[in-house]
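> Sending over coords-v6.tsv (TSV, C-alpha atoms).
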```
chain	number	residue	atom	x	y	z
M	1	GLY	CA	137.19	50.00	132.70
M	2	GLU	CA	133.56	50.90	132.28
M	3	ASN	CA	131.10	48.23	131.21
M	4	VAL	CA	127.62	49.13	130.02
M	5	GLU	CA	124.89	46.52	129.67
M	6	GLN	CA	121.71	47.27	127.76
M	7	HIS	CA	118.39	45.42	127.71
M	8	PRO	CA	116.44	44.31	125.85
M	9	SER	CA	118.31	43.76	122.60
M	10	THR	CA	115.06	43.88	120.63
M	11	LEU	CA	111.73	45.43	121.53
M	12	SER	CA	108.46	45.56	119.63
M	13	VAL	CA	105.59	47.74	120.81
M	14	GLN	CA	102.25	48.75	119.38
M	15	GLU	CA	102.04	52.26	118.05
M	16	GLY	CA	100.87	54.56	120.82
M	17	ASP	CA	102.22	52.36	123.62
M	18	SER	CA	105.29	53.15	125.71
M	19	ALA	CA	108.77	51.67	125.31
M	20	VAL	CA	111.38	51.35	128.03
M	21	ILE	CA	115.05	50.51	127.52
M	22	LYS	CA	117.33	49.90	130.49
M	23	CYS	CA	121.07	50.17	130.97
M	24	THR	CA	123.42	49.43	133.82
M	25	TYR	CA	126.97	50.66	134.23
M	26	SER	CA	129.87	49.50	136.34
M	27	ASP	CA	132.04	52.57	137.01
M	28	SER	CA	130.63	54.58	139.89
M	29	ALA	CA	132.68	57.57	138.68
M	30	SER	CA	130.65	57.79	135.45
M	31	ASN	CA	128.83	61.09	135.39
M	32	TYR	CA	127.26	61.60	131.97
M	33	PHE	CA	124.74	59.35	130.27
M	34	PRO	CA	123.62	60.11	126.73
M	35	TRP	CA	121.18	58.18	124.56
M	36	TYR	CA	121.64	57.90	120.81
M	37	LYS	CA	119.19	56.89	118.10
M	38	GLN	CA	120.54	55.26	114.97
M	39	GLU	CA	118.45	54.63	111.89
M	40	LEU	CA	119.61	51.99	109.45
M	41	GLY	CA	122.86	53.00	107.76
M	42	LYS	CA	122.84	56.42	109.38
M	43	ARG	CA	124.94	58.05	112.06
M	44	PRO	CA	123.98	57.85	115.74
M	45	GLN	CA	122.20	61.01	116.83
M	46	LEU	CA	121.91	62.27	120.38
M	47	ILE	CA	118.29	62.31	121.52
M	48	ILE	CA	118.62	63.02	125.22
M	49	ASP	CA	121.26	63.00	127.93
M	50	ILE	CA	121.44	63.21	131.69
M	51	ARG	CA	124.17	64.13	134.11
M	52	SER	CA	124.84	62.49	137.44
M	53	ASN	CA	123.50	65.37	139.50
M	54	VAL	CA	120.03	64.93	138.00
M	55	GLY	CA	117.60	62.06	138.57
M	56	GLU	CA	115.25	62.60	135.64
M	57	LYS	CA	115.04	64.60	132.46
M	58	LYS	CA	112.21	64.90	129.98
M	59	ASP	CA	111.96	66.19	126.44
M	60	GLN	CA	108.47	65.88	124.95
M	61	ARG	CA	107.80	62.14	124.51
M	62	ILE	CA	111.25	61.08	125.66
M	63	ALA	CA	112.47	60.85	129.24
M	64	VAL	CA	115.54	59.44	130.93
M	65	THR	CA	115.87	58.42	134.56
M	66	LEU	CA	119.07	57.80	136.48
M	67	ASN	CA	119.59	55.83	139.68
M	68	LYS	CA	123.18	56.43	140.76
M	69	THR	CA	122.96	54.13	143.75
M	70	ALA	CA	121.90	51.19	141.65
M	71	LYS	CA	124.03	52.35	138.70
M	72	HIS	CA	121.29	52.11	136.15
M	73	PHE	CA	119.50	54.47	133.81
M	74	SER	CA	116.54	54.07	131.53
M	75	LEU	CA	115.03	55.59	128.40
M	76	HIS	CA	111.27	55.99	128.26
M	77	ILE	CA	109.43	56.77	125.04
M	78	THR	CA	105.72	57.47	125.36
M	79	GLU	CA	103.04	57.54	122.65
M	80	THR	CA	105.35	55.73	120.27
M	81	GLN	CA	105.18	56.48	116.56
M	82	PRO	CA	106.45	54.55	113.50
M	83	GLU	CA	109.35	57.00	113.14
M	84	ASP	CA	110.61	55.91	116.55
M	85	SER	CA	111.66	52.60	114.98
M	86	ALA	CA	115.46	52.52	115.14
M	87	VAL	CA	118.35	51.17	117.17
M	88	TYR	CA	118.89	52.98	120.45
M	89	PHE	CA	122.24	53.06	122.25
M	90	CYS	CA	122.87	54.10	125.80
M	91	ALA	CA	126.30	55.26	126.88
M	92	ALA	CA	128.18	56.14	130.03
M	93	SER	CA	131.01	58.62	130.28
M	94	SER	CA	133.73	57.72	132.73
M	95	PRO	CA	136.52	60.13	133.56
M	96	LEU	CA	140.08	59.19	132.75
M	97	ARG	CA	143.30	60.93	133.66
M	98	PHE	CA	144.27	64.37	132.37
M	99	GLY	CA	140.65	65.48	132.54
M	100	ASN	CA	139.83	63.12	129.70
M	101	GLU	CA	136.72	61.02	129.44
M	102	LYS	CA	135.74	57.87	127.64
M	103	LEU	CA	132.26	57.15	126.35
M	104	THR	CA	131.31	53.48	126.54
M	105	PHE	CA	128.26	52.37	124.58
M	106	GLY	CA	125.75	49.66	125.35
M	107	THR	CA	125.11	46.98	122.76
M	108	GLY	CA	121.96	48.63	121.42
M	109	THR	CA	118.22	47.95	121.37
M	110	ARG	CA	116.39	47.50	118.10
M	111	LEU	CA	112.99	49.11	118.64
M	112	THR	CA	110.19	48.29	116.23
M	113	ILE	CA	106.89	50.14	116.37
M	114	ILE	CA	104.02	48.07	115.07
M	115	PRO	CA	101.38	50.19	113.29
U	1	ASP	CA	124.12	67.74	109.59
U	2	SER	CA	126.37	67.24	112.62
U	3	GLY	CA	129.25	69.27	111.21
U	4	VAL	CA	131.60	66.27	111.30
U	5	THR	CA	132.76	65.37	107.79
U	6	GLN	CA	134.02	61.95	106.81
U	7	THR	CA	135.48	60.78	103.52
U	8	PRO	CA	135.13	58.56	101.65
U	9	LYS	CA	131.50	57.61	102.24
U	10	HIS	CA	131.95	54.20	100.61
U	11	LEU	CA	135.06	52.19	99.89
U	12	ILE	CA	135.53	48.72	98.44
U	13	THR	CA	138.96	47.18	98.56
U	14	ALA	CA	140.65	43.80	98.49
U	15	THR	CA	142.11	41.80	101.34
U	16	GLY	CA	145.67	42.71	102.16
U	17	GLN	CA	145.26	46.29	101.01
U	18	ARG	CA	145.59	49.51	102.99
U	19	VAL	CA	143.09	52.35	103.20
U	20	THR	CA	142.91	55.73	104.87
U	21	LEU	CA	139.72	57.21	106.25
U	22	ARG	CA	139.58	60.93	106.83
U	23	CYS	CA	137.63	63.01	109.32
U	24	SER	CA	137.18	66.73	109.80
U	25	PRO	CA	135.71	67.57	113.20
U	26	ARG	CA	133.13	70.25	113.86
U	27	SER	CA	134.50	73.75	113.83
U	28	GLY	CA	136.07	74.45	117.20
U	29	ASP	CA	136.11	70.83	118.36
U	30	LEU	CA	139.51	69.65	119.56
U	31	SER	CA	138.77	66.02	120.36
U	32	VAL	CA	138.24	63.32	117.74
U	33	TYR	CA	137.05	59.76	118.31
U	34	TRP	CA	136.97	56.76	115.98
U	35	TYR	CA	134.41	53.99	116.31
U	36	GLN	CA	133.90	50.77	114.38
U	37	GLN	CA	130.43	49.32	113.81
U	38	SER	CA	130.16	45.92	112.17
U	39	LEU	CA	126.87	44.71	110.70
U	40	ASP	CA	124.17	44.62	113.37
U	41	GLN	CA	126.76	45.29	116.04
U	42	GLY	CA	127.32	48.00	118.58
U	43	LEU	CA	129.77	50.86	118.52
U	44	GLN	CA	133.30	49.74	119.31
U	45	PHE	CA	135.59	52.50	120.49
U	46	LEU	CA	138.91	52.48	118.66
U	47	ILE	CA	140.88	55.57	119.63
U	48	GLN	CA	140.62	59.19	120.73
U	49	TYR	CA	142.78	62.22	120.00
U	50	TYR	CA	142.78	65.61	121.62
U	51	ASN	CA	144.51	68.55	120.01
U	52	GLY	CA	146.91	66.30	118.17
U	53	GLU	CA	147.71	63.90	120.99
U	54	GLU	CA	146.43	60.39	121.57
U	55	ARG	CA	144.26	60.41	124.70
U	56	ALA	CA	142.60	57.02	124.93
U	57	LYS	CA	142.82	53.71	123.17
U	58	GLY	CA	140.14	51.10	122.85
U	59	ASN	CA	139.94	47.85	120.92
U	60	ILE	CA	142.12	49.02	118.08
U	61	LEU	CA	144.06	46.37	116.20
U	62	GLU	CA	147.80	46.74	115.67
U	63	ARG	CA	147.11	46.81	111.92
U	64	PHE	CA	145.18	50.03	112.49
U	65	SER	CA	146.64	53.40	113.32
U	66	ALA	CA	145.41	56.94	113.54
U	67	GLN	CA	146.65	60.47	113.94
U	68	GLN	CA	145.31	63.97	114.37
U	69	PHE	CA	146.99	66.74	112.44
U	70	PRO	CA	147.68	70.37	113.47
U	71	ASP	CA	144.57	71.50	111.60
U	72	LEU	CA	142.67	69.00	113.80
U	73	HIS	CA	141.54	66.70	111.04
U	74	SER	CA	142.17	63.04	111.72
U	75	GLU	CA	142.99	60.00	109.65
U	76	LEU	CA	142.43	56.34	110.44
U	77	ASN	CA	144.77	54.01	108.59
U	78	LEU	CA	143.74	50.38	108.14
U	79	SER	CA	146.35	48.01	106.74
U	80	SER	CA	146.61	44.33	105.79
U	81	LEU	CA	142.86	44.37	105.50
U	82	GLU	CA	140.85	41.26	106.26
U	83	LEU	CA	137.27	40.37	105.41
U	84	GLY	CA	136.31	40.94	109.04
U	85	ASP	CA	137.37	44.56	108.82
U	86	SER	CA	134.32	45.29	106.70
U	87	ALA	CA	132.33	47.73	108.78
U	88	LEU	CA	131.01	51.23	109.14
U	89	TYR	CA	133.68	53.48	110.64
U	90	PHE	CA	132.46	56.55	112.46
U	91	CYS	CA	134.38	59.60	113.44
U	92	ALA	CA	133.01	61.79	116.20
U	93	SER	CA	134.13	65.03	117.79
U	94	THR	CA	133.66	67.04	120.95
U	95	ARG	CA	134.68	70.52	122.04
U	96	THR	CA	137.10	69.31	124.69
U	97	ALA	CA	138.10	65.98	126.17
U	98	ASN	CA	136.26	66.65	129.41
U	99	SER	CA	133.41	64.60	130.70
U	100	GLY	CA	129.91	65.54	129.75
U	101	ASN	CA	130.58	66.94	126.31
U	102	THR	CA	128.10	65.96	123.64
U	103	ILE	CA	129.70	63.74	121.04
U	104	TYR	CA	128.68	64.45	117.45
U	105	PHE	CA	129.06	61.70	114.87
U	106	GLY	CA	129.90	61.98	111.23
U	107	GLU	CA	127.94	60.06	108.57
U	108	GLY	CA	130.48	57.26	108.60
U	109	SER	CA	132.67	55.55	106.03
U	110	TRP	CA	131.41	52.22	104.74
U	111	LEU	CA	134.34	49.89	104.19
U	112	THR	CA	133.82	46.65	102.30
U	113	VAL	CA	136.75	44.25	102.06
U	114	VAL	CA	136.39	41.62	99.34
```
Could you render the structure as structure tokens?


Amino acid sequence: GENVEQHPSTLSVQEGDSAVIKCTYSDSASNYFPWYKQELGKRPQLIIDIRSNVGEKKDQRIAVTLNKTAKHFSLHITETQPEDSAVYFCAASSPLRFGNEKLTFGTGTRLTIIP
Amino acid sequence: DSGVTQTPKHLITATGQRVTLRCSPRSGDLSVYWYQQSLDQGLQFLIQYYNGEERAKGNILERFSAQQFPDLHSELNLSSLELGDSALYFCASTRTANSGNTIYFGEGSWLTVV
């Protein structure tokens, strides 16, 4: 089955600096890669996603890049703000039989923005 | 608000007991997923249903079971509870079971086993 590794597990950056979180996946058939942000005690919320036919996607201060050959994808947050502090999860969607798919999550990165 | 409704929000119960967590997916969503998140841990996939049928199984214990009803709501049953079952249980839903569908999470059910 799919295995998703996420690094680093914790990350502290100065407010205004950039943060980068990296994930690798094992199943070359995976074709959808969402990123979720989870604040303490709250539900994970989708912040950006990318599909395997696209190499990069940007939404304001957030961008995701995908390298299918190397089987890794990254989340980039620029001009970080205190409200960006949260746990971020990457995920990879691998197709199963009957047109089904399974979303496998990384282990999460606790991002702390230092004012 | 994601549109996915979970009840109860908080639950405290004793070891050995049985509880049922309930989930109503977003309107129109046919696929329901259950995830377990222990303290400071990642999201562990438990099980997925699509239109009433089990579609995929993850690290779900034999003491746990789930089902999806004709009205598409789902229930996760946890029995013979142990202290280690204390966790936040999330339900999530998607429109179909196909790849690339955005998964929307409910607010979760906090289970504390004492």

> What's the 12 Å shell around Val113 in chain U, counting only C-alpha atoms, without same-chain residues fewer than 3 positions away, as a PyMOL selection string?

chain U and resi 10-19+78-88+110

> Up to 7 Å from chain U, what residues of chain M turn up? Count only C-alpha atoms and give them as a list in words.

Tyr32, Lys42, Arg43, Pro44, Ser93, Pro95, Gly99, Asn100, Glu101, Phe105, Thr107 and Gly108 of chain M

> Using CA of Lys22 in chain M and CA of Val54 in chain M as the two end points, give the distance in Å to one decimal.

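Rounded to one decimal, the two atoms are 17.0 Å apart.
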
> By how many Å are CA of Asn3 in chain M and CA of Tyr25 in chain M apart?

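Computing the Euclidean distance for CA of Asn3 in chain M and CA of Tyr25 in chain M yields 5.7 Å.
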
> Go ahead and compute the interatomic distance for CA of Gln6 in chain U and CA of Gly1 in chain M, in Å to one decimal.

28.7 Å

> Excluding Ala29 in chain M and any residue of its chain fewer than 2 positions from it, enumerate the residues within 8 Å of it, using all atoms listed in the file, and give them as a list in words.

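Those residues are Asp27, Asn31, Ser94 and Pro95 of chain M.
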
> Those selected residues, please, written with C-alpha atoms and delivered as a PDB file, in the coordinates of the input.


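Contents of part.pdb, freshly written:
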```pdb
ATOM      1  CA  ASP M  27     132.040  52.570 137.010  1.00  0.00           C
ATOM      2  CA  ASN M  31     128.830  61.090 135.390  1.00  0.00           C
ATOM      3  CA  SER M  94     133.730  57.720 132.730  1.00  0.00           C
ATOM      4  CA  PRO M  95     136.520  60.130 133.560  1.00  0.00           C
TER       5      PRO M  95
END
```

> Counting only C-alpha atoms, which residues sit no farther than 12 Å from the position (125.3, 52.3, 124.2) in the file's frame? I'd like them as a PyMOL selection string.

(chain M and resi 2-7+9+21-25+33-38+44-46+73-75+87-93+103-110) or (chain U and resi 37+41-45)

> Reconstruct all heavy atoms of range 62-73 of chain U; output as a tab-separated table (two decimals), in the coordinates of the input.


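Generated output (out.tsv):
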```tsv
chain	number	residue	atom	x	y	z
U	62	GLU	N	146.47	46.21	115.98
U	62	GLU	CA	147.80	46.74	115.67
U	62	GLU	C	147.92	47.10	114.20
U	62	GLU	O	148.75	47.95	113.83
U	62	GLU	CB	148.86	45.70	116.05
U	62	GLU	CG	149.09	45.60	117.54
U	62	GLU	CD	150.31	44.77	117.89
U	62	GLU	OE1	151.08	44.42	116.97
U	62	GLU	OE2	150.48	44.47	119.08
U	63	ARG	N	147.09	46.50	113.35
U	63	ARG	CA	147.11	46.81	111.92
U	63	ARG	C	146.48	48.18	111.64
U	63	ARG	O	146.56	48.70	110.54
U	63	ARG	CB	146.32	45.75	111.14
U	63	ARG	CG	146.85	44.35	111.28
U	63	ARG	CD	146.07	43.37	110.43
U	63	ARG	NE	144.75	43.05	110.95
U	63	ARG	CZ	143.62	43.47	110.44
U	63	ARG	NH1	143.61	44.26	109.37
U	63	ARG	NH2	142.46	43.12	110.96
U	64	PHE	N	145.83	48.73	112.65
U	64	PHE	CA	145.18	50.03	112.49
U	64	PHE	C	145.99	51.09	113.21
U	64	PHE	O	146.57	50.84	114.27
U	64	PHE	CB	143.77	50.00	113.08
U	64	PHE	CG	142.80	49.07	112.41
U	64	PHE	CD1	143.16	48.28	111.33
U	64	PHE	CD2	141.50	48.96	112.89
U	64	PHE	CE1	142.27	47.42	110.72
U	64	PHE	CE2	140.59	48.10	112.29
U	64	PHE	CZ	140.97	47.33	111.21
U	65	SER	N	145.99	52.29	112.65
U	65	SER	CA	146.64	53.40	113.32
U	65	SER	C	145.89	54.67	112.98
U	65	SER	O	145.11	54.71	112.02
U	65	SER	CB	148.10	53.53	112.90
U	65	SER	OG	148.19	53.85	111.52
U	66	ALA	N	146.11	55.68	113.79
U	66	ALA	CA	145.41	56.94	113.54
U	66	ALA	C	146.31	58.09	113.95
U	66	ALA	O	147.32	57.90	114.64
U	66	ALA	CB	144.10	57.00	114.33
U	67	GLN	N	145.95	59.27	113.50
U	67	GLN	CA	146.65	60.47	113.94
U	67	GLN	C	145.72	61.66	113.75
U	67	GLN	O	144.76	61.61	112.98
U	67	GLN	CB	147.95	60.66	113.18
U	67	GLN	CG	147.85	60.68	111.68
U	67	GLN	CD	149.21	60.80	111.03
U	67	GLN	OE1	150.11	61.48	111.52
U	67	GLN	NE2	149.39	60.14	109.90
U	68	GLN	N	146.03	62.71	114.51
U	68	GLN	CA	145.31	63.97	114.37
U	68	GLN	C	146.34	65.03	114.02
U	68	GLN	O	147.36	65.18	114.69
U	68	GLN	CB	144.57	64.34	115.66
U	68	GLN	CG	143.70	65.59	115.50
U	68	GLN	CD	142.97	65.96	116.78
U	68	GLN	OE1	143.43	65.68	117.88
U	68	GLN	NE2	141.83	66.61	116.64
U	69	PHE	N	146.05	65.78	112.99
U	69	PHE	CA	146.99	66.74	112.44
U	69	PHE	C	146.81	68.12	113.08
U	69	PHE	O	145.82	68.37	113.75
U	69	PHE	CB	146.80	66.81	110.93
U	69	PHE	CG	147.15	65.52	110.24
U	69	PHE	CD1	146.21	64.51	110.08
U	69	PHE	CD2	148.44	65.30	109.76
U	69	PHE	CE1	146.53	63.31	109.47
U	69	PHE	CE2	148.78	64.11	109.14
U	69	PHE	CZ	147.83	63.11	109.00
U	70	PRO	N	147.78	69.03	112.87
U	70	PRO	CA	147.68	70.37	113.47
U	70	PRO	C	146.40	71.11	113.11
U	70	PRO	O	145.92	71.92	113.91
U	70	PRO	CB	148.92	71.08	112.92
U	70	PRO	CG	149.91	69.99	112.71
U	70	PRO	CD	149.10	68.81	112.25
U	71	ASP	N	145.83	70.82	111.93
U	71	ASP	CA	144.57	71.50	111.60
U	71	ASP	C	143.37	70.77	112.20
U	71	ASP	O	142.23	71.13	111.91
U	71	ASP	CB	144.41	71.64	110.08
U	71	ASP	CG	144.24	70.29	109.39
U	71	ASP	OD1	144.38	69.25	110.06
U	71	ASP	OD2	143.98	70.28	108.18
U	72	LEU	N	143.64	69.78	113.01
U	72	LEU	CA	142.67	69.00	113.80
U	72	LEU	C	141.94	67.92	113.02
U	72	LEU	O	141.19	67.14	113.64
U	72	LEU	CB	141.66	69.91	114.52
U	72	LEU	CG	142.28	70.93	115.47
U	72	LEU	CD1	141.22	71.83	116.05
U	72	LEU	CD2	143.05	70.23	116.58
U	73	HIS	N	142.16	67.82	111.71
U	73	HIS	CA	141.54	66.70	111.04
U	73	HIS	C	142.27	65.42	111.44
U	73	HIS	O	143.42	65.46	111.92
U	73	HIS	CB	141.50	66.90	109.52
U	73	HIS	CG	142.69	66.38	108.78
U	73	HIS	ND1	143.84	67.12	108.55
U	73	HIS	CD2	142.90	65.17	108.20
U	73	HIS	CE1	144.69	66.39	107.86
U	73	HIS	NE2	144.17	65.21	107.63
```
